[in-house]
$ cat work.cif   # mmCIF, C-alpha atoms
data_entry
#
loop_
_atom_site.label_atom_id
_atom_site.label_comp_id
_atom_site.auth_asym_id
_atom_site.auth_seq_id
_atom_site.Cartn_x
_atom_site.Cartn_y
_atom_site.Cartn_z
CA MET S 664 -19.95 5.92 10.79
CA GLN S 665 -20.38 3.47 7.92
CA SER S 666 -18.19 0.42 8.53
CA GLU S 667 -17.04 0.29 4.92
CA GLN S 668 -16.17 3.98 5.01
CA LEU S 669 -14.04 3.42 8.12
CA ILE S 670 -12.21 0.47 6.54
CA GLN S 671 -11.50 2.43 3.37
CA SER S 672 -10.24 5.40 5.33
CA LEU S 673 -7.95 3.10 7.38
CA ILE S 674 -6.62 1.43 4.23
CA GLU S 675 -5.90 4.82 2.66
CA GLN S 676 -4.14 6.04 5.82
CA THR S 677 -2.10 2.82 5.87
CA ARG S 678 -1.07 3.45 2.25
CA GLN S 679 0.18 6.91 3.14
CA ILE S 680 2.03 5.55 6.18
CA ILE S 681 3.73 2.90 4.01
CA ASN S 682 4.86 5.59 1.57
CA ARG S 683 6.24 7.81 4.33
CA VAL S 684 8.25 4.96 5.85
CA GLU S 685 9.37 3.71 2.43
CA ALA S 686 10.93 7.14 1.89
CA LEU S 687 13.04 6.67 5.06
CA LYS S 688 14.95 3.86 3.33
CA SER S 689 16.95 6.43 1.36
CA TYR S 690 18.55 7.87 4.52
CA ASP S 691 21.90 6.63 5.82
CA LEU S 692 22.26 4.78 9.12
CA GLU S 693 23.76 7.84 10.78
CA THR S 694 20.54 9.80 10.22
CA LEU S 695 18.32 6.84 11.08
CA THR S 696 20.06 6.32 14.46
CA TRP S 697 20.64 9.99 15.34
CA ARG S 698 19.07 11.12 18.62
CA ALA S 699 18.51 14.63 19.99
CA GLN S 700 19.62 13.64 23.48
CA GLU S 701 20.57 10.55 25.49
CA ASP S 702 17.01 9.70 26.45
CA ALA S 703 15.34 10.56 23.12
CA TRP S 704 14.43 8.03 20.45
CA SER S 705 16.10 7.78 17.09
CA ILE S 706 14.08 7.21 13.90
CA LEU S 707 14.75 3.46 14.04
CA GLU S 708 13.70 3.36 17.68
CA CYS S 709 10.39 5.03 16.82
CA ILE S 710 9.81 2.36 14.16
CA GLU S 711 10.86 -0.42 16.55
CA HIS S 712 8.38 0.94 19.11
CA LEU S 713 5.62 0.66 16.48
CA ASN S 714 6.79 -2.85 15.56
CA ARG S 715 6.41 -3.95 19.17
CA TYR S 716 2.79 -2.79 19.14
CA GLY S 717 2.26 -4.64 15.88
CA ASP S 718 3.84 -7.79 17.32
CA ASP S 719 1.32 -7.69 20.16
CA TYR S 720 -1.84 -6.66 18.38
CA LEU S 721 -1.71 -8.06 14.85
CA PRO S 722 -1.74 -11.73 15.98
CA SER S 723 -4.56 -11.08 18.48
CA ILE S 724 -6.59 -9.28 15.81
CA GLU S 725 -6.06 -12.20 13.44
CA ARG S 726 -7.16 -14.71 16.09
CA ALA S 727 -10.23 -12.65 17.00
CA ILE S 728 -11.36 -12.32 13.36
CA LYS S 729 -10.83 -16.04 12.71
CA ALA S 730 -12.71 -17.05 15.85
CA SER S 731 -15.60 -14.66 15.27
CA ASN S 732 -18.92 -15.78 13.83
CA THR S 733 -20.33 -12.25 13.76
CA GLN S 734 -21.69 -10.68 10.59
CA ALA S 735 -20.55 -7.48 8.97
CA GLU S 736 -22.62 -4.49 10.10
CA GLN S 737 -23.58 -1.36 8.19
CA THR S 738 -22.44 1.06 10.85
CA PHE S 739 -19.67 1.25 13.40
CA LYS S 740 -20.02 3.12 16.67
CA SER S 741 -16.88 3.92 18.67
CA GLY S 742 -16.77 2.56 22.21
CA PHE S 743 -16.42 5.05 25.06
CA LEU S 744 -12.88 4.12 26.11
CA GLY S 745 -11.74 2.76 22.75
CA GLY S 746 -12.76 5.91 20.95
CA TYR S 747 -10.95 7.97 23.56
CA PHE S 748 -7.75 5.91 23.33
CA ALA S 749 -7.75 6.08 19.56
CA LYS S 750 -8.23 9.87 19.50
CA SER S 751 -5.68 10.48 22.25
CA MET S 752 -3.00 8.95 20.02
CA LEU S 753 -3.31 11.52 17.24
CA PRO S 754 -0.37 13.92 17.07
CA LYS S 755 -1.26 17.44 18.16
CA GLU S 756 0.01 20.82 16.98
CA LYS S 757 1.65 21.31 20.34
CA LEU S 758 3.92 18.47 21.39
CA ASN S 759 2.11 16.30 23.95
CA LYS S 760 4.53 13.81 25.41
CA MET S 761 3.28 10.47 26.63
CA LYS S 762 4.83 7.84 28.79
CA THR S 763 5.41 4.47 27.24
CA PHE S 764 5.34 1.05 28.84
CA ASN S 765 8.76 -0.42 29.64
CA ASP S 766 8.38 -3.36 27.28
CA LYS S 767 7.53 -0.93 24.45
CA ASN S 768 10.55 1.30 25.05
CA PRO S 769 13.34 0.46 22.58
CA LEU S 770 15.74 3.17 23.81
CA HIS S 771 19.34 2.07 23.08
CA ALA S 772 18.24 -1.31 21.75
CA SER S 773 20.63 -2.62 19.12
CA LEU S 774 18.81 -1.91 15.85
CA ASP S 775 19.61 -1.94 12.15
CA ARG S 776 17.72 -1.06 8.98
CA SER S 777 15.85 -4.39 9.11
CA VAL S 778 13.35 -2.78 11.53
CA ILE S 779 12.01 -0.90 8.49
CA ASP S 780 11.48 -4.19 6.61
CA THR S 781 9.71 -5.63 9.65
CA PHE S 782 7.50 -2.55 9.74
CA MET S 783 6.63 -2.95 6.04
CA HIS S 784 5.82 -6.61 6.58
CA GLN S 785 3.48 -5.64 9.42
CA GLN S 786 1.71 -3.14 7.16
CA THR S 787 1.05 -5.93 4.65
CA GLN S 788 -0.45 -7.93 7.51
CA LEU S 789 -2.49 -4.93 8.64
CA LEU S 790 -3.90 -4.48 5.13
CA ASP S 791 -4.81 -8.18 5.08
CA LEU S 792 -6.58 -7.88 8.43
CA LEU S 793 -8.44 -4.73 7.34
CA ASN S 794 -9.66 -6.70 4.34
CA GLN S 795 -10.68 -9.68 6.45
CA SER S 796 -12.53 -7.40 8.86
CA ARG S 797 -15.06 -6.64 6.10
CA THR S 798 -16.73 -9.98 6.88
CA VAL S 799 -17.12 -9.48 10.66
CA SER S 800 -18.65 -6.92 13.02
CA LEU S 801 -16.27 -4.07 13.86
CA ASN S 802 -18.48 -3.50 16.93
CA LYS S 803 -18.83 -6.98 18.37
CA VAL S 804 -15.33 -8.34 17.79
CA LYS S 805 -13.36 -7.15 20.82
CA ILE S 806 -9.67 -7.45 21.54
CA PRO S 807 -8.03 -7.30 24.99
CA THR S 808 -5.57 -4.43 25.35
CA THR S 809 -1.96 -5.11 26.25
CA PHE S 810 -2.10 -2.91 29.34
CA SER S 811 -5.09 -4.68 30.89
CA SER S 812 -6.81 -7.86 29.76
CA LEU S 813 -9.94 -6.52 31.50
CA ILE S 814 -10.13 -3.62 29.08
CA LYS S 815 -11.15 -4.66 25.60
CA MET S 816 -11.38 -2.55 22.51
CA LYS S 817 -13.82 -2.87 19.62
CA LEU S 818 -12.02 -4.02 16.49
CA GLY S 819 -12.90 -0.76 14.70
CA ASP S 820 -11.45 1.33 17.53
CA LEU S 821 -8.32 -0.81 17.77
CA PHE S 822 -7.60 -0.41 14.04
CA GLN S 823 -8.00 3.37 14.37
CA PHE S 824 -5.84 3.32 17.52
CA LEU S 825 -3.02 1.50 15.69
CA VAL S 826 -3.17 3.83 12.68
CA ASN S 827 -3.29 6.97 14.84
CA HIS S 828 -0.42 5.63 16.93
CA MET S 829 1.66 5.24 13.76
CA LEU S 830 0.75 8.78 12.67
CA ARG S 831 1.84 10.06 16.07
CA HIS S 832 5.29 8.52 15.78
CA LEU S 833 5.66 9.46 12.13
CA ALA S 834 5.19 13.08 13.21
CA GLN S 835 7.92 12.44 15.79
CA ILE S 836 10.13 10.88 13.08
CA ASP S 837 9.66 14.00 10.93
CA ARG S 838 10.88 16.17 13.82
CA VAL S 839 13.85 13.89 14.64
CA LYS S 840 14.77 13.74 10.95
CA ALA S 841 14.72 17.52 10.57
CA MET S 842 16.91 17.98 13.66
CA GLY S 843 19.19 15.09 12.72
CA LEU S 844 19.74 16.23 9.15
CA SER S 845 20.67 19.74 10.24
CA SER S 846 23.07 18.42 12.88
CA VAL S 847 24.60 15.54 10.89
CA GLY S 848 24.93 18.06 8.10
CA MET U 1494 -6.26 9.28 -26.00
CA LYS U 1495 -5.96 13.09 -25.94
CA GLU U 1496 -9.65 13.42 -25.15
CA ILE U 1497 -9.28 11.03 -22.23
CA ILE U 1498 -6.31 12.85 -20.75
CA ALA U 1499 -8.28 16.09 -20.99
CA LEU U 1500 -10.81 14.57 -18.56
CA SER U 1501 -8.17 14.45 -15.86
CA ASP U 1502 -8.78 16.75 -12.90
CA LYS U 1503 -5.49 16.33 -11.09
CA THR U 1504 -1.89 15.22 -11.40
CA ILE U 1505 -0.09 13.13 -8.80
CA THR U 1506 3.66 12.62 -8.48
CA ILE U 1507 4.90 9.77 -6.32
CA SER U 1508 8.46 8.85 -5.48
CA ARG U 1509 10.24 5.61 -6.32
CA ASN U 1510 8.72 2.55 -4.58
CA ALA U 1511 5.74 4.53 -3.30
CA PHE U 1512 2.31 2.96 -3.64
CA LEU U 1513 -0.45 4.51 -5.72
CA LYS U 1514 -2.82 1.81 -4.51
CA VAL U 1515 -2.68 -0.94 -1.90
CA LYS U 1516 -4.61 -4.15 -1.36
CA GLY U 1517 -8.22 -3.76 -0.30
CA SER U 1518 -8.82 -0.21 -1.48
CA ILE U 1519 -11.57 0.72 -3.90
CA ASP U 1520 -9.94 2.62 -6.73
CA THR U 1521 -12.10 3.38 -9.76
CA ASN U 1522 -9.72 5.98 -11.23
CA VAL U 1523 -8.02 5.68 -14.58
CA TYR U 1524 -4.40 6.85 -14.53
CA TYR U 1525 -2.47 8.16 -17.48
CA VAL U 1526 1.30 7.82 -17.01
CA GLU U 1527 2.98 11.10 -17.91
CA SER U 1528 6.43 9.98 -16.84
CA GLY U 1529 8.06 7.18 -14.87
CA SER U 1530 6.91 3.58 -14.57
CA LEU U 1531 4.68 1.45 -12.37
CA ARG U 1532 3.82 -2.15 -11.75
CA ILE U 1533 0.56 -3.81 -10.75
CA PHE U 1534 1.05 -6.88 -8.56
CA ILE U 1535 -0.69 -9.18 -6.13
CA LEU U 1536 0.75 -10.81 -3.03
CA HIS U 1537 0.35 -14.54 -2.54
CA ASP U 1538 1.63 -15.58 0.87
CA TYR U 1539 3.97 -12.60 0.75
CA GLU U 1540 5.22 -13.61 -2.73
CA GLU U 1541 4.79 -10.88 -5.31
CA GLN U 1542 3.36 -11.74 -8.71
CA ILE U 1543 3.41 -8.93 -11.26
CA ILE U 1544 0.28 -8.66 -13.38
CA ARG U 1545 1.07 -5.67 -15.58
CA PHE U 1546 3.37 -2.70 -16.12
CA GLY U 1547 2.71 0.89 -17.09
CA TYR U 1548 5.15 3.45 -18.41
CA GLN U 1549 5.11 6.80 -20.19
CA GLY U 1550 2.06 7.12 -22.44
CA ASN U 1551 0.23 4.11 -20.95
CA ILE U 1552 -3.06 3.92 -19.12
CA ILE U 1553 -2.98 2.10 -15.80
CA VAL U 1554 -6.03 1.07 -13.81
CA ALA U 1555 -7.14 -1.40 -11.12
CA MET U 1556 -9.51 -2.92 -13.64
CA ASP U 1557 -11.51 -5.01 -11.15
CA SER U 1558 -12.37 -2.02 -8.96
CA PHE U 1559 -12.94 0.16 -12.01
CA LEU U 1560 -15.52 -2.24 -13.42
CA THR U 1561 -17.24 -3.37 -10.23
CA GLY U 1562 -16.73 -0.49 -7.77
CA LYS U 1563 -15.61 -3.14 -5.26
CA PRO U 1564 -12.33 -3.53 -3.32
CA SER U 1565 -9.39 -4.76 -5.35
CA ASN U 1566 -6.48 -6.90 -4.21
CA PHE U 1567 -4.04 -5.20 -6.55
CA TYR U 1568 -1.08 -3.14 -5.43
CA ILE U 1569 0.11 -0.39 -7.78
CA GLN U 1570 3.67 0.74 -7.07
CA ALA U 1571 6.01 3.22 -8.75
CA LEU U 1572 9.29 1.70 -9.97
CA LYS U 1573 10.82 5.16 -10.23
CA LYS U 1574 9.62 8.69 -9.61
CA THR U 1575 6.33 8.76 -11.48
CA THR U 1576 3.77 11.36 -12.50
CA VAL U 1577 0.21 10.30 -13.39
CA ARG U 1578 -2.86 12.22 -14.51
CA VAL U 1579 -5.95 11.10 -12.59
CA ILE U 1580 -9.16 10.55 -14.53
CA PRO U 1581 -12.13 9.85 -12.23
CA LYS U 1582 -14.55 7.20 -13.47
CA GLN U 1583 -17.43 9.66 -13.26
CA ARG U 1584 -15.75 12.00 -15.76
CA LEU U 1585 -15.19 9.08 -18.09
CA ASP U 1586 -18.82 7.99 -17.73
CA GLU U 1587 -19.96 11.48 -18.72
CA PHE U 1588 -17.63 11.38 -21.72
CA LEU U 1589 -19.06 8.00 -22.73
CA ALA U 1590 -22.62 9.33 -22.77
CA THR U 1591 -21.93 10.37 -26.39
CA ALA U 1592 -22.45 7.57 -28.94
CA SER U 1593 -19.26 8.20 -30.93
CA ASN U 1594 -17.16 8.18 -27.74
CA ARG U 1595 -18.81 4.94 -26.72
CA LYS U 1596 -17.83 3.38 -30.03
CA TRP U 1597 -14.22 4.33 -29.36
CA TRP U 1598 -14.46 2.90 -25.86
CA ILE U 1599 -15.70 -0.46 -27.14
CA GLN U 1600 -12.63 -0.61 -29.36
CA VAL U 1601 -10.42 0.06 -26.34
CA LEU U 1602 -12.10 -2.74 -24.38
CA GLU U 1603 -11.92 -5.16 -27.34
CA ASN U 1604 -8.25 -4.43 -27.63
CA LEU U 1605 -7.85 -5.13 -23.94
CA VAL U 1606 -9.60 -8.52 -24.29
CA LEU U 1607 -7.13 -9.43 -27.05
CA GLN U 1608 -4.19 -8.37 -24.89
CA GLN U 1609 -5.52 -10.44 -21.99
CA MET U 1610 -5.77 -13.48 -24.28
CA GLU U 1611 -2.15 -13.04 -25.31
CA ARG U 1612 -1.22 -12.83 -21.65
CA GLU U 1613 -3.22 -15.98 -20.92
CA ILE U 1614 -1.31 -17.82 -23.62
CA ASP U 1615 1.96 -16.48 -22.12
CA LEU U 1616 1.04 -17.95 -18.76
CA LEU U 1617 0.10 -21.32 -20.27
CA THR U 1618 3.30 -21.52 -22.32
CA LEU U 1619 5.65 -23.99 -20.66
CA SER U 1620 8.95 -23.01 -22.24
CA PRO U 1621 10.58 -19.97 -20.57
CA ARG U 1622 12.29 -19.12 -23.87
CA GLU U 1623 8.98 -19.04 -25.70
CA ARG U 1624 7.39 -16.90 -22.98
CA TYR U 1625 10.29 -14.48 -23.23
CA GLU U 1626 10.17 -14.32 -27.03
CA ARG U 1627 6.42 -13.77 -27.15
CA VAL U 1628 6.64 -10.76 -24.84
CA LEU U 1629 9.79 -9.41 -26.52
CA GLN U 1630 8.06 -9.47 -29.88
CA ARG U 1631 4.84 -7.99 -28.55
CA SER U 1632 6.36 -5.23 -26.37
CA PRO U 1633 10.02 -4.61 -27.19
CA GLN U 1634 9.81 -1.24 -25.41
CA LEU U 1635 9.07 -3.00 -22.11
CA PHE U 1636 12.69 -4.13 -22.02
CA GLN U 1637 13.87 -0.51 -22.35
CA GLU U 1638 11.58 0.82 -19.63
CA ILE U 1639 11.47 -1.82 -16.89
CA PRO U 1640 14.34 -3.37 -14.88
CA GLY U 1641 15.02 -7.04 -15.67
CA LYS U 1642 14.16 -8.43 -12.25
CA TYR U 1643 10.57 -7.19 -12.60
CA ILE U 1644 10.21 -8.50 -16.16
CA ALA U 1645 11.52 -11.87 -14.93
CA ASN U 1646 8.80 -11.97 -12.28
CA TYR U 1647 6.17 -11.01 -14.88
CA LEU U 1648 7.45 -13.84 -17.11
CA ARG U 1649 7.48 -16.22 -14.15
CA MET U 1650 11.16 -17.06 -14.31
CA SER U 1651 14.26 -16.26 -12.27
CA ALA U 1652 16.26 -13.13 -13.08
CA GLU U 1653 19.19 -15.42 -14.01
CA THR U 1654 17.11 -17.35 -16.55
CA LEU U 1655 15.92 -14.10 -18.14
CA SER U 1656 19.43 -12.66 -18.44
CA ARG U 1657 20.65 -15.95 -19.97
CA LEU U 1658 17.81 -15.86 -22.51
CA LYS U 1659 18.54 -12.24 -23.37
CA LYS U 1660 22.17 -13.08 -24.17
CA SER U 1661 21.54 -16.12 -26.33
#
$ encode --input "work.cif" --output "structure tokens"
Amino acid sequence: MQSEQLIQSLIEQTRQIINRVEALKSYDLETLTWRAQEDAWSILECIEHLNRYGDDYLPSIERAIKASNTQAEQTFKSGFLGGYFAKSMLPKEKLNKMKTFNDKNPLHASLDRSVIDTFMHQQTQLLDLLNQSRTVSLNKVKIPTTFSSLIKMKLGDLFQFLVNHMLRHLAQIDRVKAMGLSSVG
Amino acid sequence: MKEIIALSDKTITISRNAFLKVKGSIDTNVYYVESGSLRIFILHDYEEQIIRFGYQGNIIVAMDSFLTGKPSNFYIQALKKTTVRVIPKQRLDEFLATASNRKWWIQVLENLVLQQMEREIDLLTLSPRERYERVLQRSPQLFQEIPGKYIANYLRMSAETLSRLKKS
């Protein structure tokens, strides 16, 4: 894939994600914190979960881009594992549940609407990093994953992973919202 | 203007606060605002600085991308529910293949240069009152269409200063 094409597609997906989350601001706290059952996430918990990923990865992406003396490359080729991780995040037609890591599980954390502002702030950072990544190699810049420092992901794959991960939980938010609205009435 | 709008191949409606364009995208479209209002702004260290507004009947465009085909740092955001007609650059280019259309286009661009010069003088004017009065005289409708806090940012003054100037 052309590197520039990938970056543009990621920026466009980020724009759509921002707009979907922006629209959540119009819902009351009751809807935003409603959960289907004791062990299911509310809308705010889904967002907080995404924020925790952003807290981990955005600073390491920034460091890696700053430290890199690679050049931009015409094409980007997904890594074997990285490409797999990124794809596995995409929401599927049929619900495919995944286990999360304990430190990324915000279940019953005390949350308020400010998690949405934090999310928006992270998207601004993400857009900045996508822009900065135009000057480096999306192939050669590699970032250690949070689950194992031995496993690194190519910058291009990590960006796609983060975006797909957001899409996954936005699909979840849509489901929680639909259930919540019909039950809150 | 009618001829330009006729070049549009789709209509987009976005809700309040939604983004039509974000930083880093390449957007060579021209947008005609059918209803609603938008702002173009840049972020400097997370501080917003508004560059321009668009409301019903206006054309709005990320001019840098439009001219160069390169990424633009501008954000374009709806201030209320907004409907725009999308005119792709390619359609406009085809339209401008005709000499008489090109003549019209040069007028549009000349007009834009004059507007940009006025804006440059605004920005170099030290007195907040003078900045306010220049814009009020030039675009009185702006004050009907756009909430004060955004106009204050555009004028590079606090919302309090603007509301004080409006009263006096």
$ closest_atom_pairs --input "work.cif" --of "chain U" --to "chain S" --cutoff "10 Å" --atoms "only C-alpha atoms" --output "CSV"
residue,atom,partner,partner_atom,distance
U:Ile1507,CA,S:Asn682,CA,8.9
U:Ser1508,CA,S:Ala686,CA,8.0
U:Arg1509,CA,S:Ala686,CA,8.4
U:Asn1510,CA,S:Glu685,CA,7.1
U:Ala1511,CA,S:Asn682,CA,5.1
U:Phe1512,CA,S:Asn682,CA,6.4
U:Leu1513,CA,S:Arg678,CA,8.1
U:Lys1514,CA,S:Arg678,CA,7.2
U:Val1515,CA,S:Arg678,CA,6.3
U:Lys1516,CA,S:Leu790,CA,6.5
U:Gly1517,CA,S:Asn794,CA,5.7
U:Ser1518,CA,S:Gln671,CA,6.1
U:Ile1519,CA,S:Gln671,CA,7.5
U:Leu1536,CA,S:Thr787,CA,9.1
U:Tyr1539,CA,S:Thr787,CA,8.3
U:Pro1564,CA,S:Asn794,CA,8.7
U:Ser1565,CA,S:Asn794,CA,9.9
U:Asn1566,CA,S:Asn794,CA,9.1
U:Gln1570,CA,S:Asn682,CA,10.0
$ residues_around --input "work.cif" --residues "stretch 1621-1638 of chain U" --least-positions-apart "3" --cutoff "12 Å" --atoms "all atoms listed in the file" --output "PyMOL selection string"
chain U and resi 1528-1532+1545-1551+1572-1573+1608+1611-1618+1641-1661
$ atom_distance --input "work.cif" --atom1 "atom CA of S:Leu669" --atom2 "atom CA of S:Val804"
15.3 Å
$ resolve_selection --input "work.cif" --expression "the PyMOL selection byres ((chain S and resi 800) around 10)" --output "ChimeraX atom specification"
/S:666,728,731-739,796-799,801-805,817-819
$ residues_around --input "work.cif" --residues "stretch 746-763 of chain S" --least-positions-apart "3" --cutoff "7 Å" --atoms "only C-alpha atoms" --output "ChimeraX atom specification"
/S:741-743,767-768,820,823-824,827-828,830-831,834
$ residues_near_point --input "work.cif" --point "(-3.1, -2.6, 24.9)" --cutoff "12 Å" --atoms "only C-alpha atoms" --output "PyMOL selection string"
chain S and resi 715-721+723-724+744-745+748-749+763-764+766-767+805-817+820-822+824-825+828
$ atom_distance --input "work.cif" --atom1 "atom CA of U:Asn1522" --atom2 "atom CA of U:Glu1603"
19.7 Å
$ resolve_selection --input "work.cif" --expression "the PyMOL selection byres ((chain S and resi 776-781) around 9)" --output "list of chain:residue names"
S:Val684, S:Glu685, S:Leu687, S:Lys688, S:Leu692, S:Leu695, S:Leu707, S:Glu708, S:Ile710, S:Glu711, S:Asn714, S:Leu774, S:Asp775, S:Phe782, S:Met783, S:His784, S:Gln785, S:Gln786
$ write_last_selection --input "work.cif" --atoms "C-alpha atoms" --output "PDB file, in the frame of the given file"
ATOM      1  CA  VAL S 684       8.250   4.960   5.850  1.00  0.00           C
ATOM      2  CA  GLU S 685       9.370   3.710   2.430  1.00  0.00           C
ATOM      3  CA  LEU S 687      13.040   6.670   5.060  1.00  0.00           C
ATOM      4  CA  LYS S 688      14.950   3.860   3.330  1.00  0.00           C
ATOM      5  CA  LEU S 692      22.260   4.780   9.120  1.00  0.00           C
ATOM      6  CA  LEU S 695      18.320   6.840  11.080  1.00  0.00           C
ATOM      7  CA  LEU S 707      14.750   3.460  14.040  1.00  0.00           C
ATOM      8  CA  GLU S 708      13.700   3.360  17.680  1.00  0.00           C
ATOM      9  CA  ILE S 710       9.810   2.360  14.160  1.00  0.00           C
ATOM     10  CA  GLU S 711      10.860  -0.420  16.550  1.00  0.00           C
ATOM     11  CA  ASN S 714       6.790  -2.850  15.560  1.00  0.00           C
ATOM     12  CA  LEU S 774      18.810  -1.910  15.850  1.00  0.00           C
ATOM     13  CA  ASP S 775      19.610  -1.940  12.150  1.00  0.00           C
ATOM     14  CA  PHE S 782       7.500  -2.550   9.740  1.00  0.00           C
ATOM     15  CA  MET S 783       6.630  -2.950   6.040  1.00  0.00           C
ATOM     16  CA  HIS S 784       5.820  -6.610   6.580  1.00  0.00           C
ATOM     17  CA  GLN S 785       3.480  -5.640   9.420  1.00  0.00           C
ATOM     18  CA  GLN S 786       1.710  -3.140   7.160  1.00  0.00           C
TER      19      GLN S 786
END
$ atom_distance --input "work.cif" --atom1 "atom CA of U:Leu1602" --atom2 "atom CA of U:Leu1560"
11.5 Å
$ axis_aligned_box --input "work.cif" --around "stretch 1588-1598 of chain U" --padding-each-side "8 Å" --output "AutoDock Vina command-line options"
--center_x -18.4 --center_y 7.1 --center_z -26.3 --size_x 24.4 --size_y 24.5 --size_z 25.2
$ build_atoms --input "work.cif" --residues "stretch 1525-1538 of chain U" --atoms "N, CA and C atoms" --output "compact mmCIF listing (two decimals), keeping the file's coordinate frame"
# COMPACT_ATOMS: atom_id res chain seq x y z
N TYR U 1525 -3.28 8.04 -16.28
CA TYR U 1525 -2.47 8.16 -17.48
C TYR U 1525 -1.04 8.48 -17.04
N VAL U 1526 -0.08 7.65 -17.47
CA VAL U 1526 1.30 7.82 -17.01
C VAL U 1526 1.98 8.90 -17.84
N GLU U 1527 2.28 10.01 -17.21
CA GLU U 1527 2.98 11.10 -17.91
C GLU U 1527 4.47 10.83 -17.97
N SER U 1528 5.01 10.35 -16.85
CA SER U 1528 6.43 9.98 -16.84
C SER U 1528 6.64 8.96 -15.75
N GLY U 1529 7.75 8.20 -15.86
CA GLY U 1529 8.06 7.18 -14.87
C GLY U 1529 7.50 5.83 -15.27
N SER U 1530 7.45 4.90 -14.30
CA SER U 1530 6.91 3.58 -14.57
C SER U 1530 6.33 2.98 -13.30
N LEU U 1531 5.37 2.09 -13.50
CA LEU U 1531 4.68 1.45 -12.37
C LEU U 1531 4.49 -0.03 -12.64
N ARG U 1532 4.21 -0.76 -11.57
CA ARG U 1532 3.82 -2.15 -11.75
C ARG U 1532 2.54 -2.42 -10.96
N ILE U 1533 1.72 -3.32 -11.49
CA ILE U 1533 0.56 -3.81 -10.75
C ILE U 1533 0.92 -5.22 -10.30
N PHE U 1534 0.76 -5.51 -9.01
CA PHE U 1534 1.05 -6.88 -8.56
C PHE U 1534 0.09 -7.32 -7.47
N ILE U 1535 0.05 -8.63 -7.26
CA ILE U 1535 -0.69 -9.18 -6.13
C ILE U 1535 0.30 -9.89 -5.22
N LEU U 1536 -0.08 -10.07 -3.97
CA LEU U 1536 0.75 -10.81 -3.03
C LEU U 1536 0.07 -12.13 -2.73
N HIS U 1537 0.83 -13.21 -2.90
CA HIS U 1537 0.35 -14.54 -2.54
C HIS U 1537 1.26 -15.07 -1.46
N ASP U 1538 0.77 -15.16 -0.24
CA ASP U 1538 1.63 -15.58 0.87
C ASP U 1538 2.94 -14.80 0.86
